[in-house]
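What follows is a set of notes on a single structure, which appears directly below.
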Amino acid sequence: MSMAGQAVAEIRANAEPKHGVEDEIRRLKRELNAVILAHFYQESEIQDVADFIGDSLQLSQQASRTEADVIVFAGVHFMAETAKILNPTRQVLLPDLNAGCSLADSCPPHLFKPFRERYADHLVINYINCSAEIKAMSDIICTSSNAEKIINSIPRERPILFGPDRNLGRYLMKKTGRDLRLWQGACTVHETFSEQKLLRLKVRHPGAKVLAHPECEERLLRNADYVGSTTGILNYVKHDPGQEFIVATEPGIIHAMEKECPGKIFIPAPPENSCACNECPHMRLNTMGKLYLCMKNRSPEITMDEELRIRALQPIQRMLEMSA
Ligand code: 13P
Ligand code: SF4
């Protein structure tokens with residue numbers, strides 16, 4: 001074997017666990033007194049090894065009440081960052097630091113700041129899919145589970161600036177009957193669902209109900225039987241007597257659906273491109289191997305400037321109080 005080949009073999013031997021990856025993750029969890037929080041969009045093996053699986057709101061609620069020394073966040077950066085904002089003394093690990101979010105990226109702080117200043121009399125409600133800098137410029141944070149309730153609790157005469165998701169914003173305008181000033185951000189995953197392919201799928205499965213996340217565009221949402229957060233969609237399939245569902249959100253959620261409702265059929269809604277389903281490339285950067293390595297090396301870790309953390313904390317705490 002060449003020198004380079006030998007070096008690669010050595011690195012692999014040091015990186016790969018002696019026992020199965022799953023067993024090693026469970027062992028490290030005990031050793032570190034760690035909790036693994038996973039979003040529904042993670043690959044199924046990660047969901048199966050997690051202590052808690054949930055939507056963005058449930059994951060931040062869980063992070064706010066954990067007593068673990070280490071939080072391992074199987075999700076994207078803004079989710080792990082929210083856990084760190086809530087837990088400055090605990091170590092927060094993210095398997096891949098590059099696991100970002102197209103929606104959070106569509107709201108850069110240097111552009112949002114003058115927008116916010118232009119509408120200084122507006123209350124700023126931002127969706128949790130944003131950076132700590134954007135959270136620090138917000139009055140209240142919300143998720144797709146509680147946004148409608150939070151907006152409805154604000155006196156009607158108070159103007160509201162809503163960001164960063166224009167699709168969720170437009171959906172909320174319709175639901176609440178309020179005129180929100182919208183930041184024009186979007187999720188590239190939810191905006192690539194194809195209406196034409198969805199309509200063809202509905203013809204082939206006439207009994208199937210269409211379930212969609214409010215990050216989808218209006219042309220998709222108008223074809224949906226139910227619109228809601230990942231937990232909302234999961235609860236819908238649990239309680240609905242229907243047997244077939246077309247799922248217009250990241251297909252990772254189908255794992256939880258199949259576990260909760262064995263026998264029911266779940267069909268991922270197809271995107272515009274040639275792929276059969278529409279995985280979030282950011283969420284899918286996390287793998288079992290990276291999860292194991294981040295626990296073994298206690299890195300990559302989320303760190304944050306304390307002054308920024310304190311400013312970002314207040315609107316998150318307001319959300320948690322309003323969602324209790
Ligand atoms: P939920 O809060 O519904 O889990 O949504 C998170 C997300 O990133 C949707 O793309
Ligand atoms: Fe962000 Fe969209 Fe991925 Fe959700 S699905 S994490 S909003 S890029």
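Going by the structure tokens order, chains are called A, B, ..., each with residues numbered from 1, while ligands are numbered from 1 in the order shown.
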Worksheet item: Contacts of region 94-107 of chain A at 6 Å or less, counting only C-alpha atoms, minus same-chain residues fewer than 5 places along, as an MDAnalysis selection string?
Response: chainID A and resid 73 76:77 129:130 185:187 282 285:286 290:291 294 300
Fill in: Which of region 174-237 of chain A DSSP labels helix (DSSP H, G or I), written as JSON, numbers by chain
{"A": [174, 175, 176, 190, 191, 192, 195, 196, 197, 198, 199, 200, 201, 202, 203, 204, 218, 219, 220, 221, 230, 231, 232, 233, 234, 235, 236, 237]}
Discussion item. Can you tell me which residues surround Glu31 (chain A) at a distance of at most 10 Å, considering only C-alpha atoms, apart from same-chain residues fewer than 5 positions away, and format the answer as a list of chain:residue names?
Written reply: A:Ile25, A:Arg26, A:Met295
Kindly export the residues of the current selection with all heavy atoms, as a short mmCIF file (atom, residue, chain, number, x, y, z; two decimals), in the first residue's frame.
```
data_model
loop_
_atom_site.label_atom_id
_atom_site.label_comp_id
_atom_site.auth_asym_id
_atom_site.auth_seq_id
_atom_site.Cartn_x
_atom_site.Cartn_y
_atom_site.Cartn_z
N ILE A 25 -22.86 5.67 19.59
CA ILE A 25 -23.58 6.93 19.87
C ILE A 25 -24.30 6.81 21.21
O ILE A 25 -24.24 7.72 22.05
CB ILE A 25 -24.55 7.27 18.71
CG1 ILE A 25 -23.76 7.67 17.46
CG2 ILE A 25 -25.52 8.39 19.11
CD1 ILE A 25 -24.59 7.85 16.20
N ARG A 26 -24.93 5.67 21.45
CA ARG A 26 -25.65 5.47 22.72
C ARG A 26 -24.67 5.46 23.89
O ARG A 26 -24.94 6.02 24.95
CB ARG A 26 -26.45 4.16 22.69
CG ARG A 26 -27.61 4.22 21.72
CD ARG A 26 -28.52 3.00 21.87
NE ARG A 26 -29.33 2.82 20.67
CZ ARG A 26 -30.43 3.50 20.37
NH1 ARG A 26 -30.83 4.43 21.20
NH2 ARG A 26 -31.09 3.27 19.25
N MET A 295 -19.79 13.71 18.59
CA MET A 295 -19.86 13.34 20.01
C MET A 295 -18.50 12.86 20.51
O MET A 295 -18.08 13.16 21.62
CB MET A 295 -20.94 12.28 20.22
CG MET A 295 -22.33 12.82 19.94
SD MET A 295 -23.61 11.57 20.01
CE MET A 295 -23.86 11.41 21.78
#
```
Worksheet item: Smallest atom-to-atom distance to Ala248 (chain A): which of A:Tyr292, A:Tyr236, A:Tyr171, A:Tyr226, using only C-alpha atoms?
Response: A:Tyr226
Sort by chain and increasing residue number a table of all residues of chain A within 7 Å of ligand 1, each with its closest pair of atoms and their distance in Å to one decimal, counting only C-alpha atoms and all ligand atoms, and write it as a Markdown table.
```
| residue | atom | partner | partner_atom_place_in_ligand_line | distance |
| --- | --- | --- | --- | --- |
| A:His39 | CA | ligand 1 | 4 (O) | 6.8 |
| A:Phe40 | CA | ligand 1 | 4 (O) | 6.8 |
| A:Gly54 | CA | ligand 1 | 4 (O) | 6.8 |
| A:Asp55 | CA | ligand 1 | 4 (O) | 3.4 |
| A:Ser56 | CA | ligand 1 | 2 (O) | 3.9 |
| A:Leu57 | CA | ligand 1 | 2 (O) | 6.0 |
| A:Asn129 | CA | ligand 1 | 8 (O) | 6.5 |
| A:Thr143 | CA | ligand 1 | 2 (O) | 5.4 |
| A:Ser144 | CA | ligand 1 | 2 (O) | 5.3 |
| A:Ser145 | CA | ligand 1 | 2 (O) | 6.4 |
| A:Cys187 | CA | ligand 1 | 10 (O) | 7.0 |
| A:His213 | CA | ligand 1 | 3 (O) | 6.9 |
| A:Glu215 | CA | ligand 1 | 10 (O) | 6.7 |
| A:Ser229 | CA | ligand 1 | 3 (O) | 3.5 |
| A:Thr230 | CA | ligand 1 | 3 (O) | 4.0 |
| A:Thr231 | CA | ligand 1 | 3 (O) | 6.4 |
```
So that I have them on file, write out the residues from the current selection with N, CA, C and O atoms, as a compact mmCIF listing (two decimals), in the first residue's frame.
```txt
# COMPACT_ATOMS: atom_id res chain seq x y z
N HIS A 39 -34.62 16.89 14.40
CA HIS A 39 -35.79 17.41 13.66
C HIS A 39 -36.35 16.28 12.79
O HIS A 39 -35.63 15.36 12.40
N PHE A 40 -37.64 16.40 12.46
CA PHE A 40 -38.32 15.40 11.62
C PHE A 40 -37.68 15.25 10.24
O PHE A 40 -37.97 14.29 9.54
N GLY A 54 -38.81 16.30 17.00
CA GLY A 54 -39.91 17.26 17.00
C GLY A 54 -39.79 18.32 15.94
O GLY A 54 -38.87 18.30 15.11
N ASP A 55 -40.74 19.27 15.98
CA ASP A 55 -40.69 20.42 15.07
C ASP A 55 -39.87 21.52 15.74
O ASP A 55 -39.38 21.35 16.87
N SER A 56 -39.74 22.65 15.08
CA SER A 56 -38.87 23.72 15.59
C SER A 56 -39.30 24.20 16.97
O SER A 56 -38.46 24.46 17.83
N LEU A 57 -40.60 24.34 17.18
CA LEU A 57 -41.07 24.82 18.48
C LEU A 57 -40.79 23.79 19.57
O LEU A 57 -40.22 24.11 20.62
N ASN A 129 -36.61 30.42 11.64
CA ASN A 129 -35.59 30.10 10.61
C ASN A 129 -34.84 31.36 10.21
O ASN A 129 -35.02 31.91 9.12
N THR A 143 -42.83 30.15 15.24
CA THR A 143 -42.60 29.02 14.34
C THR A 143 -43.90 28.80 13.57
O THR A 143 -44.90 29.48 13.85
N SER A 144 -43.92 27.80 12.69
CA SER A 144 -45.17 27.59 11.95
C SER A 144 -46.26 27.01 12.85
O SER A 144 -47.43 27.04 12.50
N SER A 145 -45.89 26.51 14.05
CA SER A 145 -46.90 25.97 14.98
C SER A 145 -47.63 27.07 15.74
O SER A 145 -48.78 26.88 16.15
N CYS A 187 -37.83 29.52 1.36
CA CYS A 187 -37.08 28.26 1.46
C CYS A 187 -37.01 27.65 0.06
O CYS A 187 -38.06 27.41 -0.56
N HIS A 213 -46.71 22.10 4.01
CA HIS A 213 -46.13 23.02 4.99
C HIS A 213 -46.36 24.45 4.48
O HIS A 213 -46.26 24.69 3.26
N GLU A 215 -44.54 26.87 4.26
CA GLU A 215 -43.42 27.46 3.52
C GLU A 215 -43.58 27.25 2.02
O GLU A 215 -42.82 27.81 1.22
N SER A 229 -47.57 22.94 10.36
CA SER A 229 -46.18 22.65 10.71
C SER A 229 -45.94 21.14 10.59
O SER A 229 -46.91 20.37 10.41
N THR A 230 -44.71 20.71 10.77
CA THR A 230 -44.43 19.27 10.66
C THR A 230 -45.24 18.49 11.70
O THR A 230 -45.81 17.44 11.38
N THR A 231 -45.33 19.02 12.92
CA THR A 231 -46.11 18.32 13.95
C THR A 231 -47.60 18.36 13.60
O THR A 231 -48.31 17.36 13.79
```
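Reported to one decimal place, the separation of CA of Met322 (chain A) from CA of Arg156 (chain A) is 17.1 Å.
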Item to complete: May I have the residues within 8 Å of Glu133 (chain A) as a count of residues only, using only C-alpha atoms and disregarding those fewer than 5 positions away in the same chain?
Response: 3
Fill in: Length of the CA of His205 (chain A) to CA of Glu244 (chain A) vector [Å]
8.0 Å
Worksheet, complete the sentence: Among A:Met79, A:Leu293, A:Leu37, A:Ala120, ligand 2 is approached most closely, using only C-alpha atoms and all ligand atoms, by A:Met79
Spatial neighbours of Phe115 (chain A), max dist 12 Å, only C-alpha atoms, sep filter under 6 positions, as a tab-separated table (two decimals) with C-alpha atoms, in the first residue's frame:
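After the write, result03.tsv holds the following:
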```tsv
chain	number	residue	atom	x	y	z
A	107	CYS	CA	-32.44	37.36	5.27
A	108	PRO	CA	-28.95	38.87	5.67
A	109	PRO	CA	-28.68	41.14	8.76
A	121	ASP	CA	-43.30	51.77	14.32
A	122	HIS	CA	-43.94	48.09	13.36
A	124	VAL	CA	-41.14	42.74	14.36
A	134	ILE	CA	-31.93	38.65	12.94
A	137	MET	CA	-33.52	42.62	15.79
A	161	LEU	CA	-43.40	43.42	10.07
A	162	PHE	CA	-43.08	39.69	9.38
A	163	GLY	CA	-40.00	37.86	8.13
A	164	PRO	CA	-38.18	36.13	6.67
A	181	ARG	CA	-45.40	43.99	5.99
A	182	LEU	CA	-43.39	41.06	4.54
A	183	TRP	CA	-39.69	40.40	4.10
A	184	GLN	CA	-39.30	38.59	0.75
```
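For the residues A:Cys216, A:Met257, A:Leu199, A:Ala132, ranking by smallest atom-to-atom distance to ligand 2 using only C-alpha atoms and all ligand atoms places A:Cys216 first.
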Worksheet item: Among region 156-242 of chain A, which ones does DSSP place in strand (DSSP E or B), written as a PyMOL selection string?
Response: chain A and resi 160-163+165+181-182+185+193+209-212+226-227
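Distance annotation: of A:Ala324, A:Ile246, A:Ala34, A:Ile141, the residue with the minimal separation from Leu93 (chain A) is A:Ala34; atom set is only C-alpha atoms.
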Ala147 (chain A) surroundings by only C-alpha atoms, 8 Å radius, close-in-sequence under 4 positions cut, as an mmCIF file with N, CA, C and O atoms, in the first residue's frame:
```cif
data_model
loop_
_atom_site.group_PDB
_atom_site.id
_atom_site.type_symbol
_atom_site.label_atom_id
_atom_site.label_comp_id
_atom_site.auth_asym_id
_atom_site.auth_seq_id
_atom_site.Cartn_x
_atom_site.Cartn_y
_atom_site.Cartn_z
ATOM 1 N N TYR A 127 -39.844 34.596 11.953
ATOM 2 C CA TYR A 127 -39.892 33.131 11.964
ATOM 3 C C TYR A 127 -38.554 32.633 12.500
ATOM 4 O O TYR A 127 -37.503 33.213 12.187
ATOM 5 N N CYS A 142 -41.367 33.350 16.161
ATOM 6 C CA CYS A 142 -42.480 32.390 16.068
ATOM 7 C C CYS A 142 -42.030 31.205 15.226
ATOM 8 O O CYS A 142 -40.967 31.247 14.598
ATOM 9 N N THR A 143 -42.825 30.155 15.237
ATOM 10 C CA THR A 143 -42.595 29.015 14.340
ATOM 11 C C THR A 143 -43.904 28.804 13.572
ATOM 12 O O THR A 143 -44.898 29.484 13.851
ATOM 13 N N ILE A 151 -49.739 36.160 16.279
ATOM 14 C CA ILE A 151 -50.229 37.340 15.535
ATOM 15 C C ILE A 151 -51.621 37.745 16.044
ATOM 16 O O ILE A 151 -51.890 38.924 16.255
ATOM 17 N N LEU A 172 -50.298 33.562 6.527
ATOM 18 C CA LEU A 172 -50.786 34.125 7.797
ATOM 19 C C LEU A 172 -51.693 35.332 7.564
ATOM 20 O O LEU A 172 -52.632 35.569 8.322
#
```
